[in-house]
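File shown: data26.txt (compact mmCIF, C-alpha atoms and all ligand atoms).
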# COMPACT_ATOMS: atom_id res chain seq x y z
CA MET A 1 102.42 161.44 90.37
CA PRO A 2 101.65 162.06 94.06
CA THR A 3 98.82 164.51 94.65
CA PHE A 4 99.40 167.79 96.48
CA GLU A 5 97.40 166.33 99.34
CA GLN A 6 99.90 163.49 99.63
CA ILE A 7 102.92 165.77 99.91
CA SER A 8 101.32 168.66 101.79
CA GLN A 9 102.37 167.55 105.27
CA GLN A 10 105.98 167.63 104.22
CA LEU A 11 105.65 171.36 103.70
CA ASP A 12 104.85 171.89 107.38
CA HIS A 13 108.44 171.85 108.60
CA GLN A 14 109.90 174.06 105.91
CA ALA A 15 111.95 176.92 107.33
CA ILE A 16 113.85 179.53 105.35
CA GLU A 17 116.25 181.90 107.05
CA VAL A 18 116.06 185.52 105.94
CA PRO A 19 119.09 187.82 105.94
CA SER A 20 119.01 190.95 108.12
CA TRP A 21 120.76 192.85 105.35
CA ALA A 22 117.81 192.39 102.99
CA TYR A 23 115.93 195.04 104.99
CA GLY A 24 118.66 197.67 104.83
CA ASN A 25 119.44 199.80 101.81
CA SER A 26 121.67 198.29 99.18
CA GLY A 27 122.54 198.87 95.58
CA THR A 28 125.19 198.45 92.96
CA ARG A 29 128.53 200.18 92.73
CA PHE A 30 126.67 202.87 90.83
CA LYS A 31 124.11 203.85 93.45
CA VAL A 32 122.56 202.86 96.74
CA PHE A 33 118.98 204.15 96.79
CA GLY A 34 117.31 205.11 100.03
CA SER A 35 113.71 204.12 100.58
CA ALA A 36 111.03 205.14 103.04
CA GLY A 37 110.62 202.79 105.99
CA THR A 38 114.14 201.36 105.88
CA PRO A 39 115.29 200.19 109.34
CA ARG A 40 117.61 202.40 111.36
CA THR A 41 118.40 199.76 113.95
CA VAL A 42 119.02 196.03 114.07
CA GLN A 43 115.77 195.74 116.03
CA GLU A 44 113.84 197.31 113.15
CA LYS A 45 115.43 194.83 110.76
CA ILE A 46 114.34 191.98 113.01
CA ALA A 47 110.81 193.40 113.20
CA ASP A 48 110.68 193.37 109.38
CA ALA A 49 111.99 189.82 109.25
CA ALA A 50 109.30 188.83 111.75
CA ALA A 51 106.68 190.38 109.46
CA VAL A 52 107.84 188.08 106.65
CA HIS A 53 107.33 185.14 108.99
CA ARG A 54 103.88 186.31 110.14
CA PHE A 55 102.57 186.50 106.59
CA THR A 56 104.15 183.30 105.29
CA GLY A 57 104.84 180.99 108.24
CA LEU A 58 108.06 180.17 106.42
CA ALA A 59 110.79 182.34 107.91
CA PRO A 60 111.32 181.65 111.62
CA LYS A 61 114.97 182.75 111.67
CA VAL A 62 116.90 185.85 110.76
CA ALA A 63 120.60 185.69 109.93
CA LEU A 64 122.89 188.43 111.20
CA HIS A 65 126.00 189.94 109.61
CA ILE A 66 128.77 191.18 111.89
CA PRO A 67 129.73 194.02 112.28
CA TRP A 68 126.67 195.35 110.41
CA ASP A 69 124.41 194.00 113.15
CA LYS A 70 126.59 194.59 116.17
CA VAL A 71 124.74 195.54 119.35
CA GLU A 72 125.77 196.01 122.97
CA ASP A 73 123.50 193.38 124.42
CA TYR A 74 122.95 190.17 122.45
CA ALA A 75 120.83 188.55 125.14
CA ALA A 76 118.44 191.50 124.87
CA LEU A 77 118.48 191.25 121.06
CA THR A 78 117.69 187.54 121.26
CA ALA A 79 114.83 188.25 123.65
CA TYR A 80 113.56 190.99 121.35
CA ALA A 81 113.59 188.57 118.40
CA ALA A 82 111.66 186.00 120.43
CA GLU A 83 109.05 188.63 121.33
CA GLN A 84 108.66 189.30 117.63
CA GLY A 85 108.25 185.58 116.98
CA VAL A 86 111.59 184.77 115.37
CA GLN A 87 115.02 183.45 116.33
CA ILE A 88 118.52 184.59 115.48
CA GLY A 89 119.99 182.27 112.85
CA THR A 90 123.34 182.11 111.12
CA ILE A 91 126.06 184.56 112.10
CA ASN A 92 127.90 185.83 109.03
CA SER A 93 131.39 187.22 109.42
CA ASN A 94 132.68 190.16 107.45
CA THR A 95 136.32 190.63 106.54
CA PHE A 96 135.59 192.63 103.43
CA GLN A 97 134.95 196.15 104.60
CA ASP A 98 137.87 197.11 106.78
CA ASP A 99 140.86 198.85 105.14
CA ASP A 100 143.20 196.32 106.72
CA TYR A 101 141.63 193.60 104.57
CA LYS A 102 142.48 195.23 101.25
CA LEU A 103 144.84 192.35 100.37
CA GLY A 104 142.96 189.65 102.24
CA GLY A 105 141.93 188.51 105.70
CA LEU A 106 142.35 184.88 106.75
CA THR A 107 144.88 184.38 103.92
CA HIS A 108 146.78 187.65 104.33
CA HIS A 109 150.59 187.55 104.14
CA ASP A 110 150.86 189.71 107.29
CA PRO A 111 150.33 187.62 110.44
CA ALA A 112 148.94 190.65 112.30
CA ILE A 113 146.12 191.07 109.82
CA ARG A 114 145.46 187.35 109.78
CA ARG A 115 145.20 187.47 113.56
CA LYS A 116 142.78 190.38 113.34
CA ALA A 117 140.60 188.40 110.92
CA ILE A 118 140.72 185.32 113.16
CA ASP A 119 139.81 187.41 116.20
CA HIS A 120 136.83 188.81 114.33
CA HIS A 121 135.60 185.25 113.83
CA LEU A 122 136.17 184.46 117.51
CA GLU A 123 134.01 187.46 118.33
CA CYS A 124 131.34 186.02 116.01
CA LEU A 125 131.53 182.77 117.99
CA GLN A 126 130.87 184.71 121.20
CA ILE A 127 127.86 186.29 119.54
CA MET A 128 126.68 182.79 118.63
CA ASP A 129 127.01 181.73 122.26
CA ALA A 130 124.93 184.72 123.34
CA THR A 131 122.24 184.36 120.67
CA GLY A 132 122.00 180.58 120.46
CA SER A 133 123.03 180.60 116.81
CA GLN A 134 124.55 177.40 115.53
CA ASP A 135 126.28 178.37 112.32
CA LEU A 136 129.23 180.62 111.68
CA LYS A 137 129.21 181.37 107.98
CA ILE A 138 132.44 182.52 106.43
CA TRP A 139 132.69 184.09 103.03
CA LEU A 140 136.04 185.57 102.11
CA ALA A 141 136.70 188.41 99.73
CA ASP A 142 140.29 187.19 99.56
CA GLY A 143 141.98 186.88 96.20
CA SER A 144 144.20 188.79 93.79
CA ASN A 145 143.82 190.82 90.64
CA TYR A 146 147.06 190.17 88.77
CA PRO A 147 149.16 187.12 87.99
CA GLY A 148 152.17 187.21 90.29
CA GLN A 149 150.50 189.57 92.76
CA ALA A 150 150.10 186.88 95.43
CA ASP A 151 151.36 183.40 96.13
CA MET A 152 148.16 181.42 95.67
CA ARG A 153 149.68 178.26 97.14
CA SER A 154 150.78 179.85 100.45
CA ARG A 155 147.43 181.52 100.74
CA GLN A 156 145.72 178.10 100.74
CA ASP A 157 148.07 177.00 103.52
CA ARG A 158 147.40 180.14 105.55
CA LEU A 159 143.67 179.74 104.99
CA ALA A 160 143.81 176.19 106.33
CA GLU A 161 145.73 177.37 109.38
CA SER A 162 143.40 180.30 110.09
CA LEU A 163 140.28 178.18 109.67
CA ALA A 164 141.72 175.52 112.00
CA THR A 165 142.32 178.16 114.67
CA ILE A 166 138.68 179.28 114.42
CA TYR A 167 137.36 175.72 114.20
CA ALA A 168 139.14 174.76 117.41
CA GLU A 169 136.94 177.22 119.30
CA LEU A 170 133.58 175.81 118.09
CA LYS A 171 131.29 174.31 120.71
CA ASP A 172 129.93 170.82 120.09
CA ASP A 173 126.65 172.06 118.68
CA GLN A 174 128.18 174.78 116.52
CA ARG A 175 129.31 174.56 112.90
CA LEU A 176 131.64 176.43 110.58
CA VAL A 177 130.18 176.87 107.11
CA LEU A 178 132.52 177.98 104.33
CA GLU A 179 131.04 179.76 101.34
CA TYR A 180 132.71 179.79 97.94
CA LYS A 181 132.38 182.31 95.14
CA ILE A 182 133.92 182.22 91.70
CA PHE A 183 134.95 185.88 91.52
CA GLU A 184 134.55 189.34 93.00
CA PRO A 185 135.89 191.47 94.53
CA ALA A 186 139.10 189.88 93.25
CA PHE A 187 139.06 189.12 89.56
CA TYR A 188 142.18 187.12 88.75
CA HIS A 189 142.08 184.54 91.50
CA THR A 190 139.84 183.93 94.50
CA ASP A 191 141.02 181.94 97.51
CA VAL A 192 137.78 179.97 97.87
CA PRO A 193 136.43 180.04 94.31
CA ASP A 194 134.55 176.76 94.08
CA TRP A 195 132.95 173.89 95.95
CA GLY A 196 136.00 171.70 95.48
CA THR A 197 138.24 174.13 97.32
CA ALA A 198 135.63 174.71 100.00
CA LEU A 199 135.20 170.95 100.42
CA VAL A 200 138.93 170.28 100.71
CA GLN A 201 139.28 173.02 103.33
CA VAL A 202 136.31 171.87 105.43
CA GLN A 203 137.23 168.19 105.22
CA ALA A 204 140.60 169.05 106.71
CA LEU A 205 138.87 170.73 109.65
CA GLY A 206 136.49 168.03 110.82
CA GLU A 207 132.87 166.96 111.09
CA LYS A 208 131.52 170.33 112.16
CA ALA A 209 132.76 172.11 109.04
CA MET A 210 130.43 172.35 106.07
CA VAL A 211 130.09 174.06 102.70
CA CYS A 212 127.65 176.86 101.90
CA LEU A 213 126.28 176.91 98.38
CA ASP A 214 125.30 180.41 97.25
CA THR A 215 123.32 179.92 94.07
CA GLY A 216 124.76 183.12 92.55
CA HIS A 217 128.40 182.13 92.90
CA HIS A 218 129.03 179.96 89.86
CA ALA A 219 130.12 180.35 86.27
CA PRO A 220 127.26 180.65 83.77
CA SER A 221 125.61 177.33 82.93
CA THR A 222 127.18 175.48 85.87
CA ASN A 223 125.00 172.54 86.84
CA VAL A 224 124.33 173.74 90.38
CA GLU A 225 122.04 170.84 91.25
CA PHE A 226 124.89 168.44 90.57
CA ILE A 227 126.92 170.24 93.24
CA VAL A 228 123.95 169.95 95.59
CA ALA A 229 123.78 166.20 94.94
CA GLN A 230 127.51 165.75 95.46
CA LEU A 231 127.76 167.79 98.68
CA LEU A 232 124.75 165.99 100.15
CA ARG A 233 126.24 162.66 99.15
CA LEU A 234 129.39 163.59 101.04
CA GLY A 235 127.47 164.93 104.03
CA ARG A 236 128.96 168.40 103.64
CA LEU A 237 126.12 170.61 102.46
CA GLY A 238 125.75 172.98 105.40
CA SER A 239 123.62 175.71 103.94
CA PHE A 240 122.25 177.53 100.95
CA ASP A 241 122.43 181.19 100.19
CA PHE A 242 119.51 181.43 97.78
CA ASN A 243 119.22 184.19 95.21
CA SER A 244 118.81 184.49 91.49
CA ARG A 245 121.80 185.01 89.28
CA PHE A 246 121.46 186.40 85.85
CA TYR A 247 124.92 187.75 85.02
CA ALA A 248 126.98 187.74 88.20
CA ASP A 249 126.30 187.90 91.91
CA ASP A 250 123.04 189.65 91.21
CA ASP A 251 121.24 189.17 94.52
CA LEU A 252 117.88 189.04 92.78
CA ILE A 253 114.82 187.19 94.03
CA VAL A 254 115.38 183.43 94.10
CA GLY A 255 113.33 181.58 91.51
CA SER A 256 112.45 184.76 89.66
CA ALA A 257 114.40 184.41 86.41
CA ASP A 258 114.85 180.67 86.57
CA PRO A 259 112.21 178.83 88.63
CA PHE A 260 113.22 175.64 86.85
CA GLN A 261 116.72 175.81 88.31
CA LEU A 262 115.23 176.23 91.78
CA PHE A 263 112.99 173.21 91.11
CA ARG A 264 116.01 171.15 90.00
CA ILE A 265 117.95 172.18 93.09
CA MET A 266 115.06 171.33 95.41
CA PHE A 267 114.60 168.00 93.68
CA GLU A 268 118.23 167.07 94.46
CA VAL A 269 117.80 168.38 98.02
CA VAL A 270 114.83 166.06 98.52
CA ARG A 271 116.55 163.19 96.69
CA GLY A 272 119.68 163.53 98.85
CA GLY A 273 117.87 163.73 102.19
CA GLY A 274 118.58 167.44 102.62
CA TYR A 275 114.92 168.27 103.07
CA ALA A 276 114.39 166.04 106.11
CA ALA A 277 113.57 168.08 109.21
CA ASP A 278 116.82 166.99 110.88
CA SER A 279 119.05 167.15 107.78
CA GLY A 280 121.12 170.02 109.12
CA VAL A 281 120.89 171.93 105.84
CA ALA A 282 120.13 175.59 106.55
CA PHE A 283 118.07 177.19 103.79
CA MET A 284 118.97 180.85 103.75
CA LEU A 285 118.31 183.72 101.44
CA ASP A 286 121.21 186.00 100.56
CA GLN A 287 119.53 188.76 98.70
CA CYS A 288 119.32 192.51 98.75
CA HIS A 289 116.47 194.51 97.33
CA ASN A 290 117.68 197.58 95.52
CA VAL A 291 114.67 198.86 93.59
CA GLU A 292 111.76 196.76 94.82
CA LYS A 293 110.22 197.02 98.29
CA LYS A 294 112.22 194.93 100.68
CA ILE A 295 109.64 193.09 102.77
CA PRO A 296 107.50 192.00 99.78
CA GLY A 297 110.79 191.05 98.08
CA GLN A 298 111.52 188.66 100.92
CA ILE A 299 107.95 187.37 101.02
CA ARG A 300 108.05 186.64 97.29
CA SER A 301 111.38 184.85 97.75
CA VAL A 302 110.31 182.46 100.49
CA LEU A 303 107.09 181.72 98.58
CA ASN A 304 109.11 180.87 95.48
CA VAL A 305 111.20 178.42 97.49
CA GLN A 306 108.06 176.85 98.94
CA GLU A 307 106.42 176.57 95.54
CA MET A 308 109.37 174.85 93.91
CA THR A 309 109.77 172.58 96.94
CA ALA A 310 106.15 171.47 96.59
CA ARG A 311 106.67 170.73 92.91
CA ALA A 312 109.91 168.87 93.64
CA LEU A 313 108.13 166.75 96.24
CA MET A 314 105.56 165.83 93.61
CA VAL A 315 107.99 164.11 91.26
CA ASP A 316 106.84 160.53 90.83
CA THR A 317 110.12 159.01 91.99
CA GLU A 318 109.00 155.44 91.39
CA ALA A 319 108.03 156.13 87.80
CA LEU A 320 111.24 158.11 87.39
CA ALA A 321 113.41 155.28 88.69
CA ALA A 322 111.56 152.77 86.50
CA ALA A 323 112.05 154.88 83.39
CA GLN A 324 115.72 155.46 84.24
CA GLN A 325 116.22 151.76 84.84
CA ALA A 326 114.57 150.91 81.54
CA GLY A 327 116.86 153.35 79.74
CA ASP A 328 113.80 155.35 78.73
CA VAL A 329 115.52 158.69 78.23
CA LEU A 330 112.57 160.83 77.25
CA GLY A 331 110.12 158.96 79.44
CA ALA A 332 112.24 159.78 82.49
CA HIS A 333 112.53 163.39 81.40
CA GLU A 334 108.77 163.59 81.00
CA VAL A 335 108.14 162.25 84.50
CA PHE A 336 110.48 164.93 85.85
CA MET A 337 108.88 167.72 83.82
CA ASP A 338 105.34 166.68 84.75
CA ALA A 339 105.98 167.72 88.34
CA PHE A 340 107.66 170.95 87.30
CA TYR A 341 104.72 171.94 85.12
CA THR A 342 102.16 171.28 87.85
CA ASP A 343 100.65 174.51 89.11
CA VAL A 344 100.50 174.16 92.88
CA ARG A 345 99.51 177.76 93.63
CA PRO A 346 95.80 177.14 94.34
CA ASP A 347 96.72 174.17 96.54
CA LEU A 348 99.28 176.22 98.42
CA ALA A 349 96.73 178.97 99.00
CA ALA A 350 94.35 176.42 100.53
CA TRP A 351 97.21 174.87 102.53
CA ARG A 352 97.99 178.28 104.02
CA GLU A 353 94.40 178.99 104.91
CA SER A 354 94.10 175.62 106.61
CA ARG A 355 97.02 176.67 108.81
CA GLY A 356 95.69 180.10 109.71
CA LEU A 357 97.91 181.92 107.22
CA PRO A 358 96.74 184.31 104.52
CA ALA A 359 95.98 182.58 101.21
CA SER A 360 98.00 185.27 99.46
CA PRO A 361 100.79 186.56 101.69
CA MET A 362 101.72 189.19 99.09
CA ARG A 363 98.21 190.61 99.03
CA ALA A 364 97.77 190.32 102.78
CA TYR A 365 100.99 192.24 103.35
CA ALA A 366 99.96 194.96 100.89
CA GLU A 367 96.61 195.31 102.66
CA SER A 368 97.99 195.08 106.19
CA GLY A 369 99.19 198.67 106.51
CA TYR A 370 102.60 197.51 107.82
CA GLN A 371 104.45 199.21 104.96
CA GLU A 372 102.58 202.50 105.45
CA THR A 373 103.23 202.36 109.20
CA ILE A 374 106.99 201.86 108.92
CA GLU A 375 107.20 204.52 106.22
CA ALA A 376 105.41 207.00 108.48
CA ASP A 377 107.17 206.00 111.70
CA ARG A 378 110.75 205.54 110.64
CA VAL A 379 111.62 209.14 110.13
CA GLY A 380 114.96 210.57 111.25
CA GLY A 381 117.96 208.53 112.29
CA THR A 382 120.24 206.91 109.78
CA GLN A 383 118.90 204.27 107.45
CA LEU A 384 121.01 201.15 107.62
CA SER A 385 122.81 200.05 104.52
CA TRP A 386 125.93 198.24 103.56
C1 LIG A 401 129.30 187.48 98.98
O1 LIG A 401 128.97 187.86 97.68
C2 LIG A 401 128.06 187.05 99.74
O2 LIG A 401 127.34 186.11 98.99
C3 LIG A 401 128.38 186.52 101.10
O3 LIG A 401 127.43 185.58 101.53
C4 LIG A 401 128.27 187.74 101.94
O4 LIG A 401 128.18 187.51 103.30
C5 LIG A 401 127.02 188.33 101.35
O5 LIG A 401 127.19 188.13 99.95
C6 LIG A 401 126.76 189.75 101.64
O6 LIG A 401 125.58 190.13 101.00
MN MN A 402 126.20 184.54 99.96
This structure in structure tokens:
Amino acid sequence: MPTFEQISQQLDHQAIEVPSWAYGNSGTRFKVFGSAGTPRTVQEKIADAAAVHRFTGLAPKVALHIPWDKVEDYAALTAYAAEQGVQIGTINSNTFQDDDYKLGGLTHHDPAIRRKAIDHHLECLQIMDATGSQDLKIWLADGSNYPGQADMRSRQDRLAESLATIYAELKDDQRLVLEYKIFEPAFYHTDVPDWGTALVQVQALGEKAMVCLDTGHHAPSTNVEFIVAQLLRLGRLGSFDFNSRFYADDDLIVGSADPFQLFRIMFEVVRGGGYAADSGVAFMLDQCHNVEKKIPGQIRSVLNVQEMTARALMVDTEALAAAQQAGDVLGAHEVFMDAFYTDVRPDLAAWRESRGLPASPMRAYAESGYQETIEADRVGGTQLSW
């Protein structure tokens, strides 16, 4: 097995995008809890994202969600982010919170509502131009609740048409990334429920259209790493939305309930070339923190991704290939598990220190006073939430 020392340089380029919405208040359909220190402005969200990067060195970009993060002056917002030490990342569209979208957006039977949804995406593209963002990420709440309620077939056709209209406006260095989700908010059918549908739709668009894999968007016991392998093989894995799923779209901290799944995913990412610095795969978190403190929640998340990446990089791929080739079923499994069971935490602590980062970002954050300062300062105004 390679030593940590041998793989440590490969950790240097790791970058994980954090979502602006992780810093706002969120909750379940039962309750959204407020919490002291929650941002009241997009700038405060960006400042919190920048704190995650300062303590970990892992999160140089913050993804925005429109209209949640709409501002008057995007050039000024971009400059503000740069001052804080981060960049604006993926722009996420939102056609799930306007009354007009009750029966869908890009797939809607009414051309006027479809046009409105398309125009929203064109506005997102303008925001990308102004912020230097490269990815437009589209997740649709579109679907139906009852058999017969909607013509599923025509909705696929309308989706293809709407996406093509948006795609036509992309600049050369911009991408459209389509995210699938098995269910919710619609429960009978969803217009982009799975990677197959997302793949078919993006393949029809062209080279700049990719699939986003949100780890929480599958049926229980789906082999998510197989999907990773397949999308990478086809050159269509655009991004991840990392989180931890326990029952449904839980939005919990990635790698918390199932670090082994995260390890398996990162192994396939490495295996398929998705971890190379120029692979084009955007590693994003899509998580909200409802009961835990938000900034430490994000710090824990990016550290979990780093830890499982380090372990995945330590798989002895030569020994693995040899065992596979020899038909040594349990030998191959053991080689794989050896890397997973290797505790890299002390090595990672030393790696951080050697790069001027705190050995324990969680502890350093707790001792930094940042949390106390924002809790004391951010009084009045309206806390942001979805
Ligand atoms: C939908 O459940 C989703 O995963 C999409 O990525 C949305 O943009 C995001 O959650 C909102 O949190
Ligand atoms: Mn998502």
Next on the checklist: I'd like the contact shell of Arg345 of chain A - 10 Å cut-off, only C-alpha atoms, skipping same-chain residues fewer than 5 positions apart - returned as an NGL selection string.
Outcome noted: :A and (303 or 307 or 310 or 350-351 or 359-360)
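Those DNA, RNA and protein residues that approach the point (104.0, 169.3, 106.9) to within 12 Å, considering all atoms listed in the file, are A:Phe4, A:Glu5, A:Gln6, A:Ile7, A:Ser8, A:Gln9, A:Gln10, A:Leu11, A:Asp12, A:His13, A:Gln14, A:Ala15, A:Gly57, A:Leu58, A:Tyr275, A:Ala276, A:Ala277, A:Gln306, A:Thr309, A:Ala310, A:Leu313, A:Leu348, A:Trp351, A:Arg352, A:Ser354, A:Arg355.
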Item to check | 9 Å contact set for segment 223-238 of chain A, all atoms listed in the file, chain neighbours under 5 positions out, as a PyMOL selection string | outcome: chain A and resi 135+175-178+195+199+202-203+207+209-213+215+218+261-262+264-269+271-274+280-283
Checklist entry - Got a sec to check which residues lie within 8 Å of ligand LIG 401 (chain A), using only C-alpha atoms and all ligand atoms, and send them as number ranges by chain? => result A: 21, 65, 92-94, 137-141, 179, 181, 184, 214, 216-217, 241, 249, 251, 286-288
Would you list the contacts of segment 325-334 of chain A as a short mmCIF file (atom, residue, chain, number, x, y, z; two decimals) with C-alpha atoms, in the frame of the given file, taking every protein, DNA or RNA residue within 12 Å and counting only C-alpha atoms, but skipping same-chain residues closer than 6 positions in sequence?
data_model
loop_
_atom_site.label_atom_id
_atom_site.label_comp_id
_atom_site.auth_asym_id
_atom_site.auth_seq_id
_atom_site.Cartn_x
_atom_site.Cartn_y
_atom_site.Cartn_z
CA MET A 1 102.42 161.44 90.37
CA VAL A 315 107.99 164.11 91.26
CA ASP A 316 106.84 160.53 90.83
CA THR A 317 110.12 159.01 91.99
CA GLU A 318 109.00 155.44 91.39
CA ALA A 319 108.03 156.13 87.80
CA PHE A 340 107.66 170.95 87.30
CA TYR A 341 104.72 171.94 85.12
#
Item to check | Straight-line distance linking atom CA of Ala168 of chain A with atom CA of Glu123 of chain A, stated in Å to one decimal | outcome: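 Rounded to one decimal, the two atoms are 13.7 Å apart.
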Next on the checklist: So the first atom is atom CA of Leu357 of chain A and the second is atom CA of Pro296 of chain A; what is the distance between them in Å, to one decimal place?
Outcome noted: 15.8 Å
Exercise on segment 50-59 of chain A, axis-aligned box with 4 Å per side, report centre and edge lengths in Å to one decimal, as lines of an AutoDock Vina configuration file:
center_x = 106.7
center_y = 185.3
center_z = 108.5
size_x = 16.2
size_y = 18.2
size_z = 14.5
Next on the checklist: One number please: atom CA of Ile127 of chain A to atom CA of His108 of chain A, in Å, one decimal.
Outcome noted: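 So the answer is 24.3 Å.
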Within 12 Å of (140.3, 191.4, 91.2) in the file's own coordinates, which protein, DNA or RNA residues have an atom, counting all atoms listed in the file? List them as an mmCIF file with C-alpha atoms, in the frame of the given file.
data_model
loop_
_atom_site.group_PDB
_atom_site.id
_atom_site.type_symbol
_atom_site.label_atom_id
_atom_site.label_comp_id
_atom_site.auth_asym_id
_atom_site.auth_seq_id
_atom_site.Cartn_x
_atom_site.Cartn_y
_atom_site.Cartn_z
ATOM 1 C CA LYS A 102 142.480 195.230 101.250
ATOM 2 C CA LEU A 103 144.840 192.350 100.370
ATOM 3 C CA GLY A 104 142.960 189.650 102.240
ATOM 4 C CA ALA A 141 136.700 188.410 99.730
ATOM 5 C CA ASP A 142 140.290 187.190 99.560
ATOM 6 C CA GLY A 143 141.980 186.880 96.200
ATOM 7 C CA SER A 144 144.200 188.790 93.790
ATOM 8 C CA ASN A 145 143.820 190.820 90.640
ATOM 9 C CA TYR A 146 147.060 190.170 88.770
ATOM 10 C CA PRO A 147 149.160 187.120 87.990
ATOM 11 C CA GLN A 149 150.500 189.570 92.760
ATOM 12 C CA ALA A 150 150.100 186.880 95.430
ATOM 13 C CA ILE A 182 133.920 182.220 91.700
ATOM 14 C CA PHE A 183 134.950 185.880 91.520
ATOM 15 C CA GLU A 184 134.550 189.340 93.000
ATOM 16 C CA PRO A 185 135.890 191.470 94.530
ATOM 17 C CA ALA A 186 139.100 189.880 93.250
ATOM 18 C CA PHE A 187 139.060 189.120 89.560
ATOM 19 C CA TYR A 188 142.180 187.120 88.750
ATOM 20 C CA HIS A 189 142.080 184.540 91.500
ATOM 21 C CA THR A 190 139.840 183.930 94.500
ATOM 22 C CA ASP A 191 141.020 181.940 97.510
#
